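S.K.: Take a look at this one; I'll ask things after.
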2 protein chains.
Amino acid sequence: MPGREKLRGFRSWENVDVARERLLSRIRIPLEVEEISIYEAAGRVLAVDVVAPADYPPYNRSAVDGYAVRSSDVTGASESNPIPLRVVGTVEAGTKPEGLKVNEGEAVLIFTGGELPEGADAVVPVEYVDVEGEYVYVYRSVAKFRNVSLRGEDFKARELLAKKGTMIRPWHVAALAQGGFKRVKVFRKLRVGIINTGDELYDVVLTQSGGGRIPNSSGPLIASYAEELGCEAEVLGIVGDDEVRIREILINALRDHDIIVVTGGTSVGGRDVVPEAISSIDGAELVFHGVNLRPGRTAGAFVVRGKPVLMLSGLPVACLVGLENFLKPVVEKVMGMEPLPRPKVKARLTRRVANAVGFRSHYRVAVFEERGELFAEPLRLTGSGILSTLLKGNGILILDESLEGVDKDEEVEVMLLGPIYKGRPAFLKW
Amino acid sequence: MPGREKLRGFRSWENVDVARERLLSRIRIPLEVEEISIYEAAGRVLAVDVVAPADYPPYNRSAVDGYAVRSSDVTGASESNPIPLRVVGTVEAGTKPEGLKVNEGEAVLIFTGGELPEGADAVVPVEYVDVEGEYVYVYRSVAKFRNVSLRGEDFKARELLAKKGTMIRPWHVAALAQGGFKRVKVFRKLRVGIINTGDELYDVVLTQSGGGRIPNSSGPLIASYAEELGCEAEVLGIVGDDEVRIREILINALRDHDIIVVTGGTSVGGRDVVPEAISSIDGAELVFHGVNLRPGRTAGAFVVRGKPVLMLSGLPVACLVGLENFLKPVVEKVMGMEPLPRPKVKARLTRRVANAVGFRSHYRVAVFEERGELFAEPLRLTGSGILSTLLKGNGILILDESLEGVDKDEEVEVMLLGPIYKGRPAFLKW
């Protein structure tokens, strides 16, 4: 039986931003670079600045199918005053004009992407001409460089296309292709190892039945979350509340993984075995333990020779709050990424929510649209294990630690987890 | 040389919402179901309603480490008035109380997740007791069911956990695990086949050098975009402006794929070969051709025996606008999904943008934060091929067809493509 001192537990809850900054400043993870096909690059993180190898477009080219002209030749052209030009050649799409020249009174048929021939300075789209024999009648004037994509107007040689640390999206892949790159250098994926502690847990996938024990839901939660962030994740298994065994698994995990997430055993109960197990590992430094998050205040972190070991609640909602506050920033820091934008909306609160001043509270809310307006209905304040609030809810409302609460009808910003409900959802009609 | 009628091109631009609805109403794609491990489920789409197999929690259980008591026994307990209770047993985490009973004046040591023993109706956390021999001194009163998770409070047997058509996120994976599911039924991935037409194009990955031709950037763009949506994508190759060859490749593509995206050859020039190639295929019905999108107004669609064939511009920005307006809704419709929320922010325009009334214009903007306020700087109106605006820009501002423009300093809603700039970015300081 633990003594009174120990049972009294946490005396203070550190500000989560301060705790996070200290954690980030102590992380050192060497990240190797891989070269992969641009077709596999989406979702990966650039390990180098990508610079345009040459001007793009590589020459002045037509943006439409039409006739390359001298713009001064067609000044004043209109439906009632068509101007005839003699067609002296054709430039196919994506080709060079092969010695063609447009003199006064002349035009060249040109297809989209064709290089503008010498002499021409604009293109009249085919919609505004009639063709008769070797002549084209132009019905509309064009300004200089009209319907022409100028050499280097998209990007110039040596211009930065995307910087190191960019999470590659479809348009970056398109830019890589346009720049002529077949392959691209990206950081290897971070390897996240997950250890779930607790005598009460059983593994749903490996075990036939729990025999009264609780299914391990935080393991799959953390693994899926880490994979969404672009990491490789491995659930290393469930460990009982056994300090020696936890230590052994941690030492192995630190060999093969960059980031370790441990759940459970971090509370202030009589069985606070995880921090003890970690602190006995060579090089382990406690960074924080206990933060002003609600739910999730028992979160903590060690750094072991530059690698973070996050201690999170095994209760799913508290765990998710911990992942959002610590795992996401750690991954972004190591990869050198800017924080990725999360979908957020402004909505009107349907009832007051209270906050324990000093804590940053995470309410699950249901965001719904009614008569063109968005509303947020708070689902439940406490209950860090109440997973159903994340299923019925489609948003998280964060109350800053300075607030005593937010009143009914006030506008709040909500982080969206899923689609907005059309109309007040049935489960709210109690 | 094409005749005058043909060259005149599109006479009208159909409203994009009307065109899209007609397309969606004509699509019939049979979607087989696969059963996969919950660990592989994130990002996939549920093919069945998932229903809780039993109450969760399965019994009233302790939410903390502490002492299970009769709440009436500790009424009035405080630091100055500790109430002693005799400890008659222990309930381990995740276990049943094995015949234990809490009578008046008694308590049972209970760990988080343990089942509340008969007689007890609340738990006093270990922080609020002292232990002396076989007695525990309680320093705080507890209300009935305090620190107890009630049977079925998270979800009840047969309650809907997640409905068919849900895109599985980490919390759904956690709920599946908590419900005891090892595997889950999801729809197979949609197969998107991509055909890029145009004599001017060359394939960056397969070809050493372009020889004056233009790299195919829309193929990789569409493939990455479709994969982000959760599809399998295959770039079927580049085809010259050859109607017979395009038709042949389309017929093959329709055999192996659910959705075909064809770029190029859909303009009003002399080489409008794609619509001709598609319409000659057995069962092909034109749904629309020409919509009020800017850029991207040349977009069109056929349906061939229930499968959509989207015709989009090969120019990257116009192509992306087409994907967002047609491919994303098609995938969501076929999968039965609600539209996924995109990150959006409100920002103040740094200069006026104009709109050609009747067109839904897509401006690329750079969103930046300055002195705590968000601003959106429009990058370029036209230039559907100007990929750099998607790289430097981090957002899309959509102007509705009813607007003539939006003034400087007005607040607009912007769809975010990437992280918000901190301060006005250097490339805007011209």
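In the structure tokens, each chain is lettered A, B, ... as it comes, each chain's residues begin at 1, and ligands are numbered from 1 in order of appearance.
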DSSP on the backbone, then: every residue of segment 11-253 of chain B marked helix (DSSP H, G or I), written as number ranges by chain.
M.R.: B: 16-26, 38-40, 71-74, 126-128, 170-178, 218-228, 243-253
S.K.: Give me the least-squares superposed chain A (reference chain B; all C-alpha atoms paired in order) as a compact mmCIF listing (two decimals) with C-alpha atoms, in the first residue's frame.
M.R.:
```txt
# COMPACT_ATOMS: atom_id res chain seq x y z
CA MET A 1 -9.12 23.15 -91.54
CA PRO A 2 -12.36 23.17 -89.51
CA GLY A 3 -15.27 25.30 -90.72
CA ARG A 4 -16.55 28.52 -89.19
CA GLU A 5 -19.45 26.97 -87.26
CA LYS A 6 -17.22 24.61 -85.39
CA LEU A 7 -14.61 27.23 -84.58
CA ARG A 8 -17.15 29.48 -82.88
CA GLY A 9 -17.08 27.07 -79.98
CA PHE A 10 -19.16 27.11 -76.81
CA ARG A 11 -22.23 29.27 -76.94
CA SER A 12 -23.16 29.00 -73.28
CA TRP A 13 -21.65 27.91 -70.01
CA GLU A 14 -23.94 25.78 -67.89
CA ASN A 15 -24.26 26.40 -64.17
CA VAL A 16 -21.78 24.05 -62.54
CA ASP A 17 -24.13 22.95 -59.73
CA VAL A 18 -26.84 21.97 -62.20
CA ALA A 19 -24.33 20.14 -64.39
CA ARG A 20 -22.87 18.31 -61.37
CA GLU A 21 -26.28 17.21 -60.06
CA ARG A 22 -27.21 15.79 -63.45
CA LEU A 23 -23.90 13.92 -63.57
CA LEU A 24 -24.34 12.50 -60.06
CA SER A 25 -27.88 11.34 -60.79
CA ARG A 26 -26.69 9.26 -63.76
CA ILE A 27 -23.82 7.39 -62.13
CA ARG A 28 -24.18 3.68 -61.34
CA ILE A 29 -21.04 1.97 -60.05
CA PRO A 30 -21.38 -1.40 -58.30
CA LEU A 31 -19.15 -1.30 -55.24
CA GLU A 32 -17.99 -4.58 -53.74
CA VAL A 33 -17.32 -4.88 -50.02
CA GLU A 34 -14.05 -6.06 -48.45
CA GLU A 35 -13.38 -7.12 -44.89
CA ILE A 36 -10.11 -5.79 -43.48
CA SER A 37 -8.30 -5.54 -40.14
CA ILE A 38 -9.26 -2.53 -38.04
CA TYR A 39 -5.58 -1.58 -38.15
CA GLU A 40 -5.84 -1.03 -41.91
CA ALA A 41 -9.22 0.68 -41.74
CA ALA A 42 -8.29 4.36 -41.29
CA GLY A 43 -8.99 6.32 -44.46
CA ARG A 44 -11.36 3.66 -45.82
CA VAL A 45 -15.15 4.00 -46.06
CA LEU A 46 -17.56 1.91 -43.97
CA ALA A 47 -19.74 -0.39 -46.08
CA VAL A 48 -22.10 -1.23 -43.22
CA ASP A 49 -23.60 0.46 -40.19
CA VAL A 50 -21.47 -0.46 -37.18
CA VAL A 51 -23.63 -1.26 -34.16
CA ALA A 52 -22.45 -1.78 -30.58
CA PRO A 53 -22.60 -5.52 -29.80
CA ALA A 54 -23.11 -4.89 -26.06
CA ASP A 55 -23.31 -2.15 -23.47
CA TYR A 56 -20.10 -0.24 -22.91
CA PRO A 57 -18.86 -0.09 -20.19
CA PRO A 58 -20.21 -3.60 -19.63
CA TYR A 59 -20.77 -2.84 -15.92
CA ASN A 60 -20.58 0.09 -13.48
CA ARG A 61 -16.86 0.61 -13.01
CA SER A 62 -14.47 2.91 -11.26
CA ALA A 63 -13.11 5.83 -13.27
CA VAL A 64 -10.22 6.37 -10.84
CA ASP A 65 -7.95 4.53 -8.43
CA GLY A 66 -9.62 4.89 -5.04
CA TYR A 67 -12.05 3.42 -2.56
CA ALA A 68 -15.52 2.18 -3.43
CA VAL A 69 -17.90 3.46 -0.72
CA ARG A 70 -21.56 4.02 0.11
CA SER A 71 -21.84 7.75 -0.60
CA SER A 72 -24.18 8.16 2.42
CA ASP A 73 -21.32 6.96 4.67
CA VAL A 74 -19.04 9.89 3.77
CA THR A 75 -21.55 12.77 3.86
CA GLY A 76 -19.82 15.69 5.59
CA ALA A 77 -16.31 14.22 5.30
CA SER A 78 -13.59 16.91 5.16
CA GLU A 79 -9.95 17.54 6.09
CA SER A 80 -11.07 18.50 9.60
CA ASN A 81 -13.62 15.71 9.79
CA PRO A 82 -12.13 12.54 8.21
CA ILE A 83 -14.47 9.56 8.24
CA PRO A 84 -12.92 6.11 8.85
CA LEU A 85 -14.10 3.11 6.84
CA ARG A 86 -12.92 -0.49 7.18
CA VAL A 87 -11.26 -1.84 4.02
CA VAL A 88 -12.76 -5.26 3.28
CA GLY A 89 -11.10 -6.14 -0.01
CA THR A 90 -9.58 -5.09 -3.32
CA VAL A 91 -10.92 -4.96 -6.88
CA GLU A 92 -8.13 -4.99 -9.46
CA ALA A 93 -8.32 -3.03 -12.68
CA GLY A 94 -10.64 -4.68 -15.18
CA THR A 95 -11.81 -7.41 -12.83
CA LYS A 96 -15.04 -8.40 -11.11
CA PRO A 97 -15.46 -7.96 -7.37
CA GLU A 98 -15.76 -11.76 -6.76
CA GLY A 99 -18.42 -11.85 -4.06
CA LEU A 100 -17.27 -8.66 -2.34
CA LYS A 101 -19.89 -6.45 -0.71
CA VAL A 102 -19.60 -3.00 0.82
CA ASN A 103 -21.73 -2.74 3.97
CA GLU A 104 -22.27 0.38 6.09
CA GLY A 105 -18.91 1.65 7.41
CA GLU A 106 -16.93 -0.36 4.88
CA ALA A 107 -14.89 0.40 1.75
CA VAL A 108 -13.12 -1.59 -0.98
CA LEU A 109 -9.84 -0.55 -2.61
CA ILE A 110 -10.62 -0.33 -6.32
CA PHE A 111 -8.45 0.40 -9.36
CA THR A 112 -9.48 2.21 -12.51
CA GLY A 113 -11.77 -0.01 -14.56
CA GLY A 114 -12.64 -2.34 -11.73
CA GLU A 115 -16.32 -3.29 -11.33
CA LEU A 116 -18.06 -1.48 -8.49
CA PRO A 117 -18.83 -4.03 -5.74
CA GLU A 118 -22.36 -4.57 -4.44
CA GLY A 119 -23.41 -1.96 -1.92
CA ALA A 120 -21.00 0.73 -3.13
CA ASP A 121 -22.39 3.62 -5.19
CA ALA A 122 -19.37 5.95 -5.53
CA VAL A 123 -15.57 6.03 -5.45
CA VAL A 124 -13.36 8.32 -3.37
CA PRO A 125 -10.09 8.96 -5.27
CA VAL A 126 -6.89 7.93 -3.48
CA GLU A 127 -5.92 11.62 -3.35
CA TYR A 128 -8.59 12.22 -0.69
CA VAL A 129 -7.85 9.45 1.77
CA ASP A 130 -5.25 8.35 4.30
CA VAL A 131 -4.66 4.69 5.03
CA GLU A 132 -3.98 3.41 8.54
CA GLY A 133 -3.91 -0.31 9.05
CA GLU A 134 -7.20 -1.83 7.92
CA TYR A 135 -8.89 1.58 7.94
CA VAL A 136 -9.09 4.31 5.33
CA TYR A 137 -9.79 7.90 6.43
CA VAL A 138 -11.91 9.75 3.88
CA TYR A 139 -11.33 13.52 3.68
CA ARG A 140 -13.98 14.40 1.10
CA SER A 141 -17.61 13.56 0.54
CA VAL A 142 -18.76 12.12 -2.80
CA ALA A 143 -22.12 12.28 -4.49
CA LYS A 144 -23.84 9.12 -5.66
CA PHE A 145 -22.11 7.65 -8.77
CA ARG A 146 -19.23 10.09 -8.44
CA ASN A 147 -16.10 8.69 -10.18
CA VAL A 148 -18.14 5.80 -11.53
CA SER A 149 -18.60 5.03 -15.21
CA LEU A 150 -22.09 3.64 -15.51
CA ARG A 151 -22.88 0.52 -17.49
CA GLY A 152 -23.81 1.56 -21.06
CA GLU A 153 -23.00 5.24 -20.54
CA ASP A 154 -20.59 5.26 -23.48
CA PHE A 155 -22.83 3.21 -25.71
CA LYS A 156 -25.69 0.81 -25.33
CA ALA A 157 -26.08 -2.56 -27.03
CA ARG A 158 -27.41 -2.15 -30.60
CA GLU A 159 -26.64 1.58 -30.60
CA LEU A 160 -25.28 2.94 -33.89
CA LEU A 161 -21.54 3.62 -33.58
CA ALA A 162 -20.83 4.76 -37.11
CA LYS A 163 -22.96 4.66 -40.19
CA LYS A 164 -22.32 3.25 -43.62
CA GLY A 165 -20.47 5.79 -45.74
CA THR A 166 -18.36 7.10 -42.87
CA MET A 167 -14.74 7.80 -43.76
CA ILE A 168 -12.96 5.94 -40.95
CA ARG A 169 -10.84 8.18 -38.74
CA PRO A 170 -8.69 7.25 -35.70
CA TRP A 171 -11.60 7.55 -33.24
CA HIS A 172 -13.70 5.17 -35.34
CA VAL A 173 -10.86 2.66 -35.18
CA ALA A 174 -10.81 3.11 -31.39
CA ALA A 175 -14.59 2.57 -31.24
CA LEU A 176 -14.31 -0.57 -33.36
CA ALA A 177 -11.67 -1.91 -30.96
CA GLN A 178 -13.75 -0.94 -27.96
CA GLY A 179 -16.72 -2.75 -29.49
CA GLY A 180 -14.54 -5.86 -29.77
CA PHE A 181 -14.33 -5.83 -33.59
CA LYS A 182 -11.17 -7.31 -35.12
CA ARG A 183 -12.25 -6.68 -38.69
CA VAL A 184 -14.56 -4.29 -40.46
CA LYS A 185 -16.42 -4.20 -43.78
CA VAL A 186 -15.38 -1.38 -46.08
CA PHE A 187 -16.04 -0.54 -49.70
CA ARG A 188 -13.26 -1.45 -52.07
CA LYS A 189 -11.35 1.54 -53.35
CA LEU A 190 -12.65 3.22 -56.47
CA ARG A 191 -10.35 2.80 -59.45
CA VAL A 192 -9.60 5.99 -61.33
CA GLY A 193 -8.04 5.73 -64.79
CA ILE A 194 -6.28 8.80 -66.16
CA ILE A 195 -5.71 9.54 -69.85
CA ASN A 196 -3.80 12.64 -70.90
CA THR A 197 -4.24 13.62 -74.52
CA GLY A 198 -2.17 16.01 -76.56
CA ASP A 199 0.60 15.77 -79.16
CA GLU A 200 2.52 18.37 -77.16
CA LEU A 201 2.88 16.24 -73.99
CA TYR A 202 5.63 13.94 -72.80
CA ASP A 203 5.84 11.71 -69.73
CA VAL A 204 8.43 12.95 -67.25
CA VAL A 205 8.91 9.62 -65.53
CA LEU A 206 9.11 7.40 -68.63
CA THR A 207 10.88 9.68 -71.08
CA GLN A 208 14.44 10.98 -70.89
CA SER A 209 13.74 14.41 -72.31
CA GLY A 210 10.87 16.29 -73.84
CA GLY A 211 12.53 17.50 -77.04
CA GLY A 212 10.60 20.77 -76.91
CA ARG A 213 7.39 19.11 -75.72
CA ILE A 214 5.55 19.98 -72.50
CA PRO A 215 5.82 17.74 -69.42
CA ASN A 216 2.56 16.05 -68.47
CA SER A 217 1.81 17.61 -65.09
CA SER A 218 -1.92 16.95 -64.95
CA GLY A 219 -1.46 13.16 -64.94
CA PRO A 220 0.50 13.16 -61.66
CA LEU A 221 -1.81 15.90 -60.30
CA ILE A 222 -4.96 13.84 -60.89
CA ALA A 223 -3.37 10.63 -59.61
CA SER A 224 -2.24 12.23 -56.33
CA TYR A 225 -5.55 14.00 -55.90
CA ALA A 226 -7.53 10.78 -56.44
CA GLU A 227 -5.31 8.93 -53.97
CA GLU A 228 -5.83 11.66 -51.37
CA LEU A 229 -9.57 11.02 -51.81
CA GLY A 230 -8.96 7.35 -51.04
CA CYS A 231 -9.06 5.99 -54.61
CA GLU A 232 -6.62 3.83 -56.51
CA ALA A 233 -5.31 5.82 -59.44
CA GLU A 234 -3.54 4.75 -62.59
CA VAL A 235 -2.06 7.03 -65.20
CA LEU A 236 -2.82 5.13 -68.39
CA GLY A 237 -0.47 7.20 -70.48
CA ILE A 238 -0.28 10.01 -72.92
CA VAL A 239 -2.16 9.77 -76.18
CA GLY A 240 -1.71 12.04 -79.18
CA ASP A 241 -4.64 13.92 -80.65
CA ASP A 242 -5.81 10.80 -82.46
CA GLU A 243 -9.50 9.99 -82.17
CA VAL A 244 -9.15 6.29 -83.01
CA ARG A 245 -6.35 5.72 -80.52
CA ILE A 246 -8.15 7.69 -77.77
CA ARG A 247 -11.30 5.65 -78.33
CA GLU A 248 -9.34 2.39 -78.10
CA ILE A 249 -7.66 3.37 -74.82
CA LEU A 250 -10.96 4.61 -73.38
CA ILE A 251 -12.69 1.32 -74.14
CA ASN A 252 -9.92 -0.56 -72.32
CA ALA A 253 -9.93 1.92 -69.44
CA LEU A 254 -13.69 1.53 -68.97
CA ARG A 255 -13.20 -2.21 -68.52
CA ASP A 256 -10.75 -1.89 -65.62
CA HIS A 257 -11.72 1.38 -63.95
CA ASP A 258 -14.77 2.96 -62.34
CA ILE A 259 -14.05 6.57 -63.19
CA ILE A 260 -12.10 7.92 -66.15
CA VAL A 261 -10.51 11.35 -66.24
CA VAL A 262 -9.37 12.58 -69.65
CA THR A 263 -7.44 15.79 -70.06
CA GLY A 264 -6.87 17.91 -73.11
CA GLY A 265 -8.57 17.88 -76.47
CA THR A 266 -11.76 19.26 -74.99
CA SER A 267 -11.33 22.83 -76.07
CA VAL A 268 -13.04 24.54 -78.96
CA GLY A 269 -10.00 24.52 -81.20
CA GLY A 270 -9.68 22.66 -84.43
CA ARG A 271 -8.70 19.45 -82.65
CA ASP A 272 -11.65 18.67 -80.44
CA VAL A 273 -11.04 14.94 -80.58
CA VAL A 274 -11.89 13.72 -77.07
CA PRO A 275 -15.67 14.30 -77.11
CA GLU A 276 -15.84 12.72 -80.57
CA ALA A 277 -13.86 9.71 -79.38
CA ILE A 278 -16.08 9.21 -76.33
CA SER A 279 -19.41 9.74 -78.05
CA SER A 280 -18.58 7.00 -80.53
CA ILE A 281 -18.38 4.45 -77.68
CA ASP A 282 -21.39 2.19 -77.19
CA GLY A 283 -23.66 3.53 -74.43
CA ALA A 284 -21.94 6.91 -74.08
CA GLU A 285 -24.23 9.80 -73.13
CA LEU A 286 -23.04 13.39 -72.99
CA VAL A 287 -24.04 14.91 -69.62
CA PHE A 288 -22.60 18.40 -70.03
CA HIS A 289 -19.83 20.24 -71.82
CA GLY A 290 -18.87 23.75 -70.78
CA VAL A 291 -19.62 25.09 -67.28
CA ASN A 292 -19.42 28.47 -65.57
CA LEU A 293 -16.11 27.73 -63.84
CA ARG A 294 -13.13 30.03 -64.16
CA PRO A 295 -10.63 28.60 -64.78
CA GLY A 296 -11.93 25.30 -66.07
CA ARG A 297 -14.94 26.27 -68.14
CA THR A 298 -14.18 23.74 -70.88
CA ALA A 299 -14.89 20.85 -68.46
CA GLY A 300 -17.35 18.22 -69.60
CA ALA A 301 -18.60 14.77 -68.72
CA PHE A 302 -20.04 11.69 -70.33
CA VAL A 303 -21.55 8.70 -68.61
CA VAL A 304 -20.83 5.33 -70.24
CA ARG A 305 -23.04 2.56 -68.85
CA GLY A 306 -23.09 4.23 -65.44
CA LYS A 307 -19.39 5.13 -65.32
CA PRO A 308 -18.39 8.79 -65.46
CA VAL A 309 -15.84 9.98 -68.00
CA LEU A 310 -14.71 13.43 -66.90
CA MET A 311 -13.12 15.71 -69.48
CA LEU A 312 -10.89 18.26 -67.81
CA SER A 313 -8.36 20.82 -68.87
CA GLY A 314 -4.77 19.62 -68.90
CA LEU A 315 -3.66 22.97 -67.49
CA PRO A 316 -2.97 22.34 -63.82
CA VAL A 317 -5.06 25.01 -62.08
CA ALA A 318 -8.09 24.50 -64.31
CA CYS A 319 -7.63 20.77 -63.82
CA LEU A 320 -7.60 21.11 -60.03
CA VAL A 321 -10.77 23.23 -60.12
CA GLY A 322 -12.38 20.49 -62.22
CA LEU A 323 -11.29 17.76 -59.79
CA GLU A 324 -12.69 19.66 -56.82
CA ASN A 325 -15.98 20.31 -58.61
CA PHE A 326 -16.52 16.92 -60.22
CA LEU A 327 -14.19 14.12 -59.07
CA LYS A 328 -14.60 14.73 -55.32
CA PRO A 329 -18.43 14.84 -55.48
CA VAL A 330 -18.50 11.74 -57.71
CA VAL A 331 -16.37 9.77 -55.24
CA GLU A 332 -18.46 10.97 -52.29
CA LYS A 333 -21.69 10.10 -54.09
CA VAL A 334 -20.60 6.60 -55.05
CA MET A 335 -19.27 5.87 -51.55
CA GLY A 336 -22.37 7.40 -49.93
CA MET A 337 -20.16 9.79 -47.98
CA GLU A 338 -20.96 13.21 -46.61
CA PRO A 339 -18.64 15.84 -48.13
CA LEU A 340 -15.42 15.94 -46.11
CA PRO A 341 -14.77 19.31 -44.48
CA ARG A 342 -11.92 21.29 -46.05
CA PRO A 343 -9.88 23.68 -43.90
CA LYS A 344 -11.28 27.19 -44.41
CA VAL A 345 -10.51 30.57 -42.84
CA LYS A 346 -11.97 34.04 -42.97
CA ALA A 347 -9.49 36.68 -44.08
CA ARG A 348 -9.47 40.31 -45.17
CA LEU A 349 -8.80 40.97 -48.86
CA THR A 350 -5.72 43.11 -49.49
CA ARG A 351 -7.02 44.36 -52.83
CA ARG A 352 -10.17 44.25 -54.89
CA VAL A 353 -10.84 41.22 -57.04
CA ALA A 354 -13.20 41.41 -60.00
CA ASN A 355 -15.47 38.74 -61.36
CA ALA A 356 -17.04 38.23 -64.77
CA VAL A 357 -20.66 37.96 -63.65
CA GLY A 358 -22.05 34.54 -64.47
CA PHE A 359 -18.75 32.76 -63.79
CA ARG A 360 -17.65 31.13 -60.56
CA SER A 361 -14.09 32.34 -60.32
CA HIS A 362 -11.34 30.64 -58.38
CA TYR A 363 -8.65 33.04 -57.25
CA ARG A 364 -5.45 31.73 -55.77
CA VAL A 365 -4.56 33.76 -52.71
CA ALA A 366 -1.77 33.93 -50.15
CA VAL A 367 -3.23 33.95 -46.64
CA PHE A 368 -0.96 35.53 -44.05
CA GLU A 369 -1.22 36.66 -40.44
CA GLU A 370 -0.15 40.13 -39.42
CA ARG A 371 -0.74 41.63 -35.97
CA GLY A 372 -3.17 38.81 -35.12
CA GLU A 373 -5.33 39.37 -38.19
CA LEU A 374 -5.64 37.21 -41.31
CA PHE A 375 -5.24 38.73 -44.78
CA ALA A 376 -5.73 37.25 -48.24
CA GLU A 377 -3.67 38.58 -51.12
CA PRO A 378 -5.02 37.57 -54.55
CA LEU A 379 -2.22 36.20 -56.70
CA ARG A 380 -3.57 36.12 -60.22
CA LEU A 381 -6.90 36.08 -61.93
CA THR A 382 -6.30 34.23 -65.15
CA GLY A 383 -3.66 31.79 -66.24
CA SER A 384 -5.20 28.38 -65.71
CA GLY A 385 -1.77 26.88 -66.23
CA ILE A 386 0.04 29.01 -63.70
CA LEU A 387 1.01 26.29 -61.30
CA SER A 388 3.23 28.60 -59.24
CA THR A 389 0.10 30.32 -57.90
CA LEU A 390 -0.78 27.03 -56.17
CA LEU A 391 2.72 26.76 -54.72
CA LYS A 392 3.08 30.33 -53.47
CA GLY A 393 -0.59 30.63 -52.75
CA ASN A 394 -1.97 28.68 -49.84
CA GLY A 395 -5.64 29.19 -50.49
CA ILE A 396 -8.46 29.37 -53.01
CA LEU A 397 -11.03 32.16 -52.92
CA ILE A 398 -14.23 31.28 -54.76
CA LEU A 399 -16.31 34.16 -56.11
CA ASP A 400 -19.92 33.25 -56.70
CA GLU A 401 -21.34 33.87 -60.18
CA SER A 402 -23.69 36.53 -58.78
CA LEU A 403 -20.80 38.78 -57.74
CA GLU A 404 -19.14 41.54 -59.75
CA GLY A 405 -16.20 41.39 -57.39
CA VAL A 406 -15.19 41.83 -53.79
CA ASP A 407 -13.70 45.06 -52.48
CA LYS A 408 -10.42 45.58 -50.69
CA ASP A 409 -10.75 45.11 -46.91
CA GLU A 410 -13.84 42.95 -47.19
CA GLU A 411 -13.83 39.66 -45.29
CA VAL A 412 -13.83 36.57 -47.47
CA GLU A 413 -13.79 32.84 -46.80
CA VAL A 414 -10.79 31.04 -48.23
CA MET A 415 -10.22 27.31 -48.66
CA LEU A 416 -6.75 26.57 -47.27
CA LEU A 417 -4.34 24.44 -49.27
CA GLY A 418 -1.43 24.80 -46.88
CA PRO A 419 -0.11 26.45 -43.71
CA ILE A 420 -0.90 30.13 -43.12
CA TYR A 421 2.08 32.46 -43.62
CA LYS A 422 3.39 34.25 -40.55
CA GLY A 423 3.68 37.81 -41.80
CA ARG A 424 3.36 38.99 -45.37
CA PRO A 425 5.45 36.58 -47.44
CA ALA A 426 8.51 37.98 -49.20
CA PHE A 427 7.30 37.11 -52.70
CA LEU A 428 4.39 39.51 -52.25
CA LYS A 429 6.67 42.47 -51.56
CA TRP A 430 7.00 43.63 -55.12
```
